[in-house]
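First the structure, in the form of structure tokens, and then the observations on it.
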Amino acid sequence: MNARLLRMATLPVALIALWEALGRALGGPRTPLPSKVAGEAALLIMSGDLPAALAQSLGRVFSGFAIAAAIAIPLGIAMGRLRAVERNLDPVIESFRPVAAIAMLPLAILWLGAGSGAAVMLVAYAAFFPILIHAVAGAKGVDANLARAAATMGVSGATLARSVIMPAAMPQIAVGLRIGLAVAWTAIVAAELAVGAKAGGGASGGVGQMMFAYYAYSIELNRIIVCMIAVGLVSLALDRLMRFALARAMPWIET
Amino acid sequence: MTIDLQSVRKEFVARDGARTPAVEDVSLTLGEGEFVVIVGPSGCGKTTVLNMIAGLERPTAGAILADGRPVTGPGVDRGVMFQDYALFPWRTVAENVAFPLRFGPAGAGLSGAAIGDRVDATLTLVGLAAARDKYPHQLSGGMRQRVALARLLSYEPKVLLMDEPLAALDAQTRTILQDELLRIWGQDGPAASRRTVLFITHAIDEAVFLADRVVVMSSHPGRVREIVPVDLPRPRNDATRADPDFQRIAQHIWSLIKNEAYRAATS
Amino acid sequence: MAAFALIWWAASVLTDNPLLLPSPQAVSAAFAGLALDGELFTQSALSVVRLLAALLIAFAIAAPLGLAMGMSKRFEEFVDPVVELLRPISGIAWIPLGLFIFGVGQSLPIFIMAYTATFPVLIGTVSGVKSVDRKLVRAAETMGLSQSAIVARVVVPSILPALLVSLRLGVASAWTAVIAAELVGAPNGLGYAISWYREMLVTPKMIAFIAMVGVCGYFCDLALRLLAARLTPWAPGAEARR
Ligand SMILES: Nc1ncnc2c1ncn2[C@@H]1O[C@H](COP(=O)(O)OP(=O)(O)O)[C@@H](O)[C@H]1O
Ligand SMILES: [Mg+2]
């Protein structure tokens, strides 16, 4: 067991040590170093700048994600169960799906300005498709005998959707929600970065904007790396949180 | 080729150190050209014995000899037909049958055309010539079983090790394939032209129909309970199944494993 | 679909602001114009060629690495922590640092995409290798195949379907990342064109390019599906896919 831990630690530790050594030996004053990154991280956390930026980004992610889920789950179940709905909506969905979310950003900025509105819309757009696709697949995959059994008990229509289809489709929907949240977080960073780059100035805020400002205005590579690590940690934390929430809400599924 | 198992024992050790004794003190000799069948309840160590002869598992104690030389690993002299056939899903029927010849040592020195001829001949032998370009997932269970048999025969191993090859089939297909297996093994020809076969089944009638000798195993740990000689005349056919001797031998084997089978089924 | 066009048209009449929401006719005209003078295709080609280059790089790194990680527990324990440390940091988060390292140009989008596509391919390969049917490997052993022949003839074909699926996932996320990278740090390409026409306030052309992102994304995925049907005709659903 200890030998295993040692093996697992070897490469990360070696790479960080190599980075520090090479950076000191060959780098200039701007070269980022692990030790400096750690120092800057402490500063950014204490000053409250990084937590504030993360909070702003997270707020946008949660709003956009909630909008996406609220539309995509009922729509997906309707598409999965009702042929007519699917026939009419599927071509529209399939023509929008391959349009990368980020490509929609300029349109969103045009409509909603360079603030939170555009960012939330982008997040909602990005998270919408994975949730929808999984909801459709989940609703279609519901064991036909479950619906039949419910029918013999006199359950039908909206009650059937709520009491049988939705819970039975939930394992798939849960997968869609997890993917959707991960995609949403990636999208918010991209949106804030691009807004920072294109709209100029600190209008938008958020961690993506913060990173871009450190690149464009003050060239502080150590701080950029702090932000990158923060982005990674939040992404891990979001996935954990999602799994925990899903497991609590639906003890009968495996996530 | 003859196979000798001398007081073979096999114990599986799990990662957490837990030990499962699978096979205890098994001694058995497969003579040249002999058809030996192992029967016994599920989990009594039949597969383990077969895998050790194939060289896929090492015995914990005891020795396994092939023509007097110790078995140290898998070899093309001992071919295996696996229980769920282990067909390569990405290769067609003909490509599966050609596999050991094209990529293993058994086909060394054979030209592509010679391999093709051998494949065609083997597919004809098992009645699959028409399905040669199908993928395994397009075949019925009985056809897959024939592909596995053809692949085993194509590279002509001296010993055929067959692990419940007919278990997944329906009763009719099974009866037909039992007849064919004996024909391909050479029961109509001289004994000298036959290959050595070790065949595993849990169906007693199948064991008696096919075997020269039936090895009855019991479990926990797996041991040889009794070796029952089957002196029914060859070639065997439908009349054999109605033979009173056939019924008598089957009854005897059933009486040997009955208690254990009941216990396994109700526990 | 027709209903969607109708709603769009009605909305554009109601808002009555071609800058905000041009009519479907205006966008089609812009699309046709851009197609005729070739600009649509030159910009798309740039982005798609970058995508292909990045995929090659990602594949060249991830497939052998994944094969080795899947086959050797020790090697996996050695490499996996670094993979798991990097993976949550999305390709897009590398854009500012990448801009500093590579500057505005070809290298940045290719780097971002290769990075993004590497992880799905790597993870698909590792899990593919781990789920190779042990029985098939044993069967090949009884036929006397050497270790290298087993890798080439059993392991690689076994993981091919999973590998192609993970490649499709990689393409999907890389395609998102490249638009972001081009939006910020490339002198041309689809993402650049979109942001250029937004700044010029030529909304119909901007929407035409946004649509082109979808068209290219769709055809890249279609190409991969056709490739998969071609390379893995035995895989479940292969016939339906053809
Ligand atoms: N790889 C293994 N690890 C641990 N235990 C095993 C392994 N293979 C088989 N066993 C155990 O050995 C015993 C015999 O198994 P097996 O030879 O497969 O029986 P059979 O083929 O007669 O059904 C069983 O108790 C089984 O659980
Ligand atoms: Mg068995």
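Naming works like this for the structure tokens: A, B, ... for the chains as they're shown, residue 1 at the start of each chain, ligands 1 onward in shown order.
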
Item to check | At most 12 Å from ligand 2 (only C-alpha atoms and all ligand atoms): residue list as a PyMOL selection string | outcome: chain B and resi 22+38-51+82-84+162-165+167+199-202

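With only C-alpha atoms taken into account, chain C has Lys135, Leu136, Thr142, Met143, Gly144, Leu145 and Trp234 of chain C at most 6 Å from chain B.
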
Output file for the selection above: N, CA, C and O atoms, as an mmCIF file, in the first residue's frame:
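To be explicit, this is the file written out as part31.cif:
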```
data_model
loop_
_atom_site.group_PDB
_atom_site.id
_atom_site.type_symbol
_atom_site.label_atom_id
_atom_site.label_comp_id
_atom_site.auth_asym_id
_atom_site.auth_seq_id
_atom_site.Cartn_x
_atom_site.Cartn_y
_atom_site.Cartn_z
ATOM 1 N N LYS C 135 -10.983 -13.901 -21.757
ATOM 2 C CA LYS C 135 -11.095 -15.174 -22.469
ATOM 3 C C LYS C 135 -10.453 -15.113 -23.837
ATOM 4 O O LYS C 135 -9.828 -16.079 -24.288
ATOM 5 N N LEU C 136 -10.614 -13.974 -24.519
ATOM 6 C CA LEU C 136 -10.046 -13.859 -25.862
ATOM 7 C C LEU C 136 -8.523 -13.889 -25.788
ATOM 8 O O LEU C 136 -7.854 -14.495 -26.623
ATOM 9 N N THR C 142 -3.581 -19.967 -26.026
ATOM 10 C CA THR C 142 -3.574 -21.406 -26.325
ATOM 11 C C THR C 142 -3.224 -21.668 -27.786
ATOM 12 O O THR C 142 -2.838 -22.772 -28.129
ATOM 13 N N MET C 143 -3.364 -20.640 -28.644
ATOM 14 C CA MET C 143 -2.980 -20.827 -30.046
ATOM 15 C C MET C 143 -1.531 -20.458 -30.267
ATOM 16 O O MET C 143 -1.049 -20.426 -31.401
ATOM 17 N N GLY C 144 -0.824 -20.135 -29.173
ATOM 18 C CA GLY C 144 0.614 -19.926 -29.255
ATOM 19 C C GLY C 144 1.035 -18.543 -29.721
ATOM 20 O O GLY C 144 2.170 -18.361 -30.137
ATOM 21 N N LEU C 145 0.152 -17.537 -29.649
ATOM 22 C CA LEU C 145 0.555 -16.202 -30.091
ATOM 23 C C LEU C 145 1.549 -15.581 -29.126
ATOM 24 O O LEU C 145 1.442 -15.757 -27.913
ATOM 25 N N TRP C 234 -18.044 -5.053 -37.142
ATOM 26 C CA TRP C 234 -18.605 -6.070 -36.255
ATOM 27 C C TRP C 234 -19.292 -5.461 -35.046
ATOM 28 O O TRP C 234 -20.051 -6.117 -34.354
#
```

Next on the checklist: So that I can check the surroundings of stretch 11-17 of chain C, please list as a list in words every protein, DNA and RNA residue that reaches within 12 Å of it, counting only C-alpha atoms and ignoring chain neighbours fewer than 3 positions away.
Outcome noted: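 Final neighbour list, sorted by chain and number: Leu110 and Trp111 of chain A; Phe4, Ala5, Leu6, Ile7, Trp8, Leu20, Leu21, Pro22, Ser23, Pro24, Gln25, Ala26, Val27, Thr203 and Pro204 of chain C.
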
Checklist entry - Nearest to chain A among C:Ala117, C:Ala140, C:Ile159, C:Leu85, with distances taken over only C-alpha atoms: which residue is it? => result C:Leu85

Could the residues of chain A that have an atom at most 9 Å from chain C be listed as a Markdown table, each with its closest atom pair and the distance in Å to one decimal, counting only C-alpha atoms and ordered by chain and ascending residue number?
```
| residue | atom | partner | partner_atom | distance |
| --- | --- | --- | --- | --- |
| A:Arg4 | CA | C:Glu77 | CA | 7.2 |
| A:Leu5 | CA | C:Glu77 | CA | 8.5 |
| A:Leu6 | CA | C:Phe78 | CA | 8.9 |
| A:Arg7 | CA | C:Phe78 | CA | 5.4 |
| A:Met8 | CA | C:Phe78 | CA | 5.0 |
| A:Ala9 | CA | C:Pro81 | CA | 7.5 |
| A:Thr10 | CA | C:Phe78 | CA | 7.0 |
| A:Leu11 | CA | C:Phe78 | CA | 6.4 |
| A:Pro12 | CA | C:Val82 | CA | 5.8 |
| A:Asn88 | CA | C:Met1 | CA | 7.1 |
| A:Leu89 | CA | C:Met1 | CA | 7.5 |
| A:Asp90 | CA | C:Met1 | CA | 8.8 |
| A:Pro91 | CA | C:Met1 | CA | 6.4 |
| A:Val92 | CA | C:Met1 | CA | 5.7 |
| A:Ser95 | CA | C:Gly214 | CA | 7.1 |
| A:Phe96 | CA | C:Gly214 | CA | 6.8 |
| A:Arg97 | CA | C:Gly214 | CA | 7.4 |
| A:Pro98 | CA | C:Gly214 | CA | 4.6 |
| A:Val99 | CA | C:Gly214 | CA | 3.8 |
| A:Ala100 | CA | C:Thr176 | CA | 4.8 |
| A:Ala101 | CA | C:Thr176 | CA | 6.7 |
| A:Ile102 | CA | C:Ala180 | CA | 5.9 |
| A:Ala103 | CA | C:Ile210 | CA | 5.8 |
| A:Met104 | CA | C:Ile210 | CA | 6.9 |
| A:Pro106 | CA | C:Arg198 | CA | 6.4 |
| A:Leu107 | CA | C:Ile207 | CA | 7.8 |
| A:Leu110 | CA | C:Leu20 | CA | 6.5 |
| A:Trp111 | CA | C:Leu20 | CA | 6.4 |
| A:Thr186 | CA | C:Ser90 | CA | 6.4 |
| A:Ala187 | CA | C:Ile92 | CA | 8.5 |
| A:Val189 | CA | C:Ala93 | CA | 6.8 |
| A:Ala190 | CA | C:Ile92 | CA | 6.0 |
| A:Ala191 | CA | C:Ala180 | CA | 8.1 |
| A:Leu193 | CA | C:Val184 | CA | 7.9 |
| A:Ala194 | CA | C:Val184 | CA | 6.0 |
| A:Ala197 | CA | C:Val184 | CA | 6.2 |
| A:Lys198 | CA | C:Val184 | CA | 7.5 |
| A:Gly208 | CA | C:Ala93 | CA | 7.6 |
| A:Met211 | CA | C:Pro96 | CA | 6.6 |
| A:Phe212 | CA | C:Pro96 | CA | 5.8 |
| A:Ala213 | CA | C:Pro96 | CA | 8.9 |
| A:Tyr214 | CA | C:Pro96 | CA | 8.2 |
| A:Tyr215 | CA | C:Pro96 | CA | 5.8 |
| A:Ala216 | CA | C:Pro96 | CA | 8.3 |
| A:Ile219 | CA | C:Phe100 | CA | 8.3 |
| A:Leu221 | CA | C:Leu97 | CA | 6.9 |
| A:Ile224 | CA | C:Leu97 | CA | 6.8 |
| A:Ile225 | CA | C:Leu97 | CA | 7.7 |
| A:Cys227 | CA | C:Ala93 | CA | 8.3 |
| A:Met228 | CA | C:Ala93 | CA | 5.8 |
| A:Ile229 | CA | C:Ile89 | CA | 6.8 |
| A:Ala230 | CA | C:Ile89 | CA | 8.5 |
| A:Val231 | CA | C:Ile89 | CA | 6.1 |
| A:Gly232 | CA | C:Ile89 | CA | 4.2 |
| A:Leu233 | CA | C:Pro88 | CA | 7.1 |
| A:Val234 | CA | C:Pro88 | CA | 8.5 |
| A:Ser235 | CA | C:Pro88 | CA | 5.9 |
| A:Leu236 | CA | C:Pro88 | CA | 6.3 |
```

Checklist entry - If you run DSSP on this backbone, which residues of stretch 42-184 of chain A come out as alpha helix (DSSP H), and could you give them as an MDAnalysis selection string? => result chainID A and resid 42:46 49:81 83:96 105:112 116:140 144:152 157:160 166:184

Next on the checklist: Taking 2 positions as the minimum chain separation for residues in the same chain, which residues sit within 8 Å of C:Ser47 when counting only C-alpha atoms? Answer as a ChimeraX atom specification.
Outcome noted: /C:43-45,49-51,178,189-190

Item to check | Counting only C-alpha atoms and all ligand atoms, the residue of C:Val104, C:Leu36, C:Arg134, C:Ala54 that sits nearest ligand 1 | outcome: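 That would be C:Arg134, the residue with the smallest distance to ligand 1.
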
Checklist entry - Within 12 Å of stretch 61-63 of chain C, counting only C-alpha atoms, which residues qualify if same-chain residues fewer than 6 places away don't, as a PyMOL selection string? => result chain C and resi 54-55+69-70+83+114-129+156+159-160+162-164+166-167+170

Item to check | Within 8 Å of B:Val214 using only C-alpha atoms, minus same-chain residues under 3 positions, as a ChimeraX atom specification | outcome: /B:36-39,207-208,211,227-230

Keeping only N, CA and C atoms, write the selected residues as an mmCIF file, in the first residue's frame.
```
data_model
loop_
_atom_site.group_PDB
_atom_site.id
_atom_site.type_symbol
_atom_site.label_atom_id
_atom_site.label_comp_id
_atom_site.auth_asym_id
_atom_site.auth_seq_id
_atom_site.Cartn_x
_atom_site.Cartn_y
_atom_site.Cartn_z
ATOM 1 N N VAL B 36 -12.225 -38.616 -22.932
ATOM 2 C CA VAL B 36 -12.536 -38.619 -21.506
ATOM 3 C C VAL B 36 -13.466 -37.444 -21.207
ATOM 4 N N VAL B 37 -14.512 -37.721 -20.421
ATOM 5 C CA VAL B 37 -15.460 -36.665 -20.075
ATOM 6 C C VAL B 37 -15.468 -36.469 -18.567
ATOM 7 N N ILE B 38 -15.433 -35.211 -18.134
ATOM 8 C CA ILE B 38 -15.562 -34.891 -16.708
ATOM 9 C C ILE B 38 -16.977 -34.390 -16.454
ATOM 10 N N VAL B 39 -17.652 -34.984 -15.460
ATOM 11 C CA VAL B 39 -18.932 -34.428 -15.011
ATOM 12 C C VAL B 39 -18.816 -34.096 -13.524
ATOM 13 N N ALA B 207 -22.369 -37.108 -21.253
ATOM 14 C CA ALA B 207 -21.101 -37.718 -20.860
ATOM 15 C C ALA B 207 -21.056 -39.186 -21.277
ATOM 16 N N VAL B 208 -22.117 -39.913 -20.979
ATOM 17 C CA VAL B 208 -22.118 -41.348 -21.266
ATOM 18 C C VAL B 208 -22.099 -41.594 -22.773
ATOM 19 N N ALA B 211 -18.278 -40.604 -24.038
ATOM 20 C CA ALA B 211 -17.005 -40.923 -23.401
ATOM 21 C C ALA B 211 -16.541 -42.363 -23.566
ATOM 22 N N ILE B 227 -14.006 -42.987 -11.380
ATOM 23 C CA ILE B 227 -13.842 -42.976 -12.836
ATOM 24 C C ILE B 227 -14.633 -44.146 -13.392
ATOM 25 N N VAL B 228 -15.639 -43.839 -14.228
ATOM 26 C CA VAL B 228 -16.576 -44.850 -14.704
ATOM 27 C C VAL B 228 -16.247 -45.195 -16.150
ATOM 28 N N PRO B 229 -15.828 -46.430 -16.439
ATOM 29 C CA PRO B 229 -15.582 -46.802 -17.833
ATOM 30 C C PRO B 229 -16.911 -46.978 -18.573
ATOM 31 N N VAL B 230 -16.955 -46.545 -19.826
ATOM 32 C CA VAL B 230 -18.166 -46.687 -20.639
ATOM 33 C C VAL B 230 -17.828 -47.626 -21.787
#
```
